[in-house]
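The block underneath contains the structure these notes are about, expressed in structure tokens.
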Amino acid sequence: MAQLSDDCFAFGGPMMSVDDAVGLIAARVSAVQERESISLHEADGRILANDIAAPLPLPPFTNSAVDGYAVRGSDLPLQAEAVFPVTGRVQAGGSAQAPLQAGHAMRIFTGAPMPVGADTVFMQEDVRLDGNGRVVVPAGLRPGANVRPAGEDVAAGHPALKAGQRLRPQDVALLAAFGLPHVDVRRRIRVAVFSTGNELVSPGDRRGDAQLFDSNRFMLGALLARLGCEVSDLGIIGDDRAALAGSLEQVGRSHDLILTSGGVSTGEEDHVKAAVERAGTLVLWRMAIKPGRPVAMGIIGGTPLVGLPGNPVASFVTFVHVVRPTVLALSGAAQEPLLPMPLRAAFTYKKKIARREYVRVNLRQAPDGVLEATKFPREGAGLLSSLVDTDGLVELGEEVTRVELGQTVGFLSYASLM
Ligand code: AMP
Ligand code: MG
């Protein structure tokens with residue numbers, strides 16, 4: 001387990017900015033050290049443990065980029081068509097029987113190695129056959145055309161992938177192209193997730209009149225799984241301080257991170273804070289973020305805990321800014337800064353200065369072709385439908401106080417947050 005000191009998340013200010021939170025987490029959380037070698041089939045989404053330098057050039061040998069006729073560059077006609085006898089044939093996976101003689105062409109196919117002597121290929125669409133086994137080629141082709149030199153994609157020894165990279169399908173393809181059947185990655189982090197609140201009941205259980213089905217636990221579990229975590233679903237704990245403290249102590253020993261939702265506000269039925277204080281050390285971050293409210297950070301027996309607010313939208317937004325960087329840091333992944341895409345606001349908005357705000361929006365293409373964002377009509381932090389029926393979030397910086405129609409704003413798609 002990655003052990004953290006008790007005061008690791010202590011922060012002096014009254015309101016924590018989103019950037020301070022991300023910076024503090026990245027600086028204080030240390031990565032799990034265990035590694036494992038896995039097959040490429042399991043590599044998507046895993047965190048690369050070591051730098052990978054190209055063990056061979058890509059492509060590994062010089063080859064034809066098209067189906068056509070290979071010739072010598074010095075034979076290329078400059079002014080008028082020329083006619084070459086076709087001698088030999090080389091297809092992908094094969095090799096030419098003999099070097100290409102001057103004044104001749106060789107039939108060649110995409111991916112086939114260039115015959116010795118040949119350095120240029122005519123596309124078959126650009127030539128014609130004269131019926132006597134000869135090919136008629138046009139003037140004006142550049143020497144070297146339609147050939148892929150060895151190493152033009154990746155040179156041997158090139159630093160191709162960095163330790164800490166969260167592997168994507170195209171990264172897995174690169175490892176395969178290098179001929180590596182296995183890859184060393186960090187082990188998955190183990191995250192315990194539970195919900196708190198007497199009003200909650202699990203889907204499938206009987207719901208009382210004053211109860212609602214727990215949705216956060218499933219959203220958070222799914223978000224964690226997308227970030228490559230091994231998730232333990234620990235169900236619902238009622239608003240009971242002793243029960244909460246006991247559960248926290250127990251799960252801390254076998255997990256790298258504990259994630260809760262609900263019960264972190266300042267009402268007397270919000271027991272997560274007190275339970276964390278009993279089981280370990282708590283700091284409460286009053287984050288300058290909307291939707292958000294307080295987020296609890298704690299350490300229980302060396303294991304970090306994040307307590308998210310219960311309202312689903314607040315839970316989602318604070319997950320992105322607090323849990324996501326924590327998970328990346330614990331996993332040994334490079335931090336992946338969120339880069340909002342500029343697009344045009346098709347709404348007006350007023351906000352308070354000195355806090356970060358996220359507006360739920362849909363994308364549409366305006367009649368002039370520009371991509372614009374329309375605002376979801378309602379704003380409550382409890383509206384799950386506002387996350388379901390939108391495409392992403394418009395990020396409004398601390399300094400912004402209003403958005404005017406047509407202004408450029410930054411958009412984060414939900415896909416980019418996971
Ligand atoms: P709390 O943060 O505990 O004060 O909860 C704020 C609001 O979020 C309340 O209306 C809760 O019922 C609701 N809530 C808390 N936890 C969940 C959950 N796991 N799923 C859905 N709603 C929740
Ligand atoms: Mg509650």
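Note on naming: chains are A, B, ... as they come in the structure tokens, residues start from 1 per chain, ligands start from 1 in the order shown.
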Do a neighbour search on region 123-135 of chain A at 6 Å with only C-alpha atoms, toss out local chain neighbours closer than 3 positions, and write the hits as a PyMOL selection string. chain A and resi 67-68+83-86
Write down as a PyMOL selection string the residues of region 32-277 of chain A whose backbone DSSP state falls under strand (DSSP E or B). chain A and resi 35-39+47-48+52-53+58+63-64+68-71+82-90+105-108+113+120-123+128-129+134-137+147-148+154+159-161+166+182-186+190-196+200-201+212-213+230-237+257-261
List every residue of region 192-275 of chain A that DSSP, applied to the backbone, labels as helix (DSSP H, G or I), and write the result as an MDAnalysis selection string. chainID A and resid 216:226 241:254 272:275
Separation of atom 20 (N, counted along the ligand's line) of ligand 1 from CA of Glu269 (chain A), in Å and rounded to one decimal: 15.9 Å
Counting only C-alpha atoms and all ligand atoms, which protein, DNA or RNA residues come within 9 Å of ligand 1, given as a ChimeraX atom specification? /A:194-201,211-219,236,239,260-267,269-271,293,308-312,314-315,381-382,384
Using only C-alpha atoms, pick whichever of A:Leu58, A:Cys229, A:Leu405, A:Val18 has the shortest atom-to-atom distance to Ser331 (chain A). A:Cys229
List as an mmCIF file with all heavy atoms, in the first residue's frame the protein and nucleic acid residues near Gly151 (chain A), meaning an atom at most 7 Å away when only C-alpha atoms are counted, but skip any in the same chain fewer than 6 places from it.
data_model
loop_
_atom_site.group_PDB
_atom_site.id
_atom_site.type_symbol
_atom_site.label_atom_id
_atom_site.label_comp_id
_atom_site.auth_asym_id
_atom_site.auth_seq_id
_atom_site.Cartn_x
_atom_site.Cartn_y
_atom_site.Cartn_z
ATOM 1 N N PRO A 57 13.171 -0.349 -35.966
ATOM 2 C CA PRO A 57 12.544 0.766 -36.685
ATOM 3 C C PRO A 57 11.164 0.368 -37.190
ATOM 4 O O PRO A 57 10.900 -0.820 -37.407
ATOM 5 C CB PRO A 57 13.506 1.009 -37.852
ATOM 6 C CG PRO A 57 14.201 -0.293 -38.067
ATOM 7 C CD PRO A 57 14.240 -1.007 -36.751
ATOM 8 N N LEU A 58 10.302 1.351 -37.384
ATOM 9 C CA LEU A 58 9.007 1.116 -38.019
ATOM 10 C C LEU A 58 8.890 2.029 -39.241
ATOM 11 O O LEU A 58 9.087 3.221 -39.100
ATOM 12 C CB LEU A 58 7.852 1.419 -37.057
ATOM 13 C CG LEU A 58 7.722 0.519 -35.832
ATOM 14 C CD1 LEU A 58 6.512 0.938 -35.013
ATOM 15 C CD2 LEU A 58 7.615 -0.956 -36.231
ATOM 16 N N PRO A 59 8.562 1.549 -40.414
ATOM 17 C CA PRO A 59 8.485 0.114 -40.677
ATOM 18 C C PRO A 59 9.864 -0.523 -40.554
ATOM 19 O O PRO A 59 10.872 0.163 -40.698
ATOM 20 C CB PRO A 59 7.957 0.047 -42.126
ATOM 21 C CG PRO A 59 8.317 1.353 -42.730
ATOM 22 C CD PRO A 59 8.292 2.361 -41.620
ATOM 23 N N PRO A 60 9.907 -1.839 -40.314
ATOM 24 C CA PRO A 60 11.206 -2.496 -40.084
ATOM 25 C C PRO A 60 12.055 -2.570 -41.356
ATOM 26 O O PRO A 60 13.263 -2.744 -41.260
ATOM 27 C CB PRO A 60 10.822 -3.904 -39.623
ATOM 28 C CG PRO A 60 9.364 -3.873 -39.336
ATOM 29 C CD PRO A 60 8.767 -2.739 -40.117
#
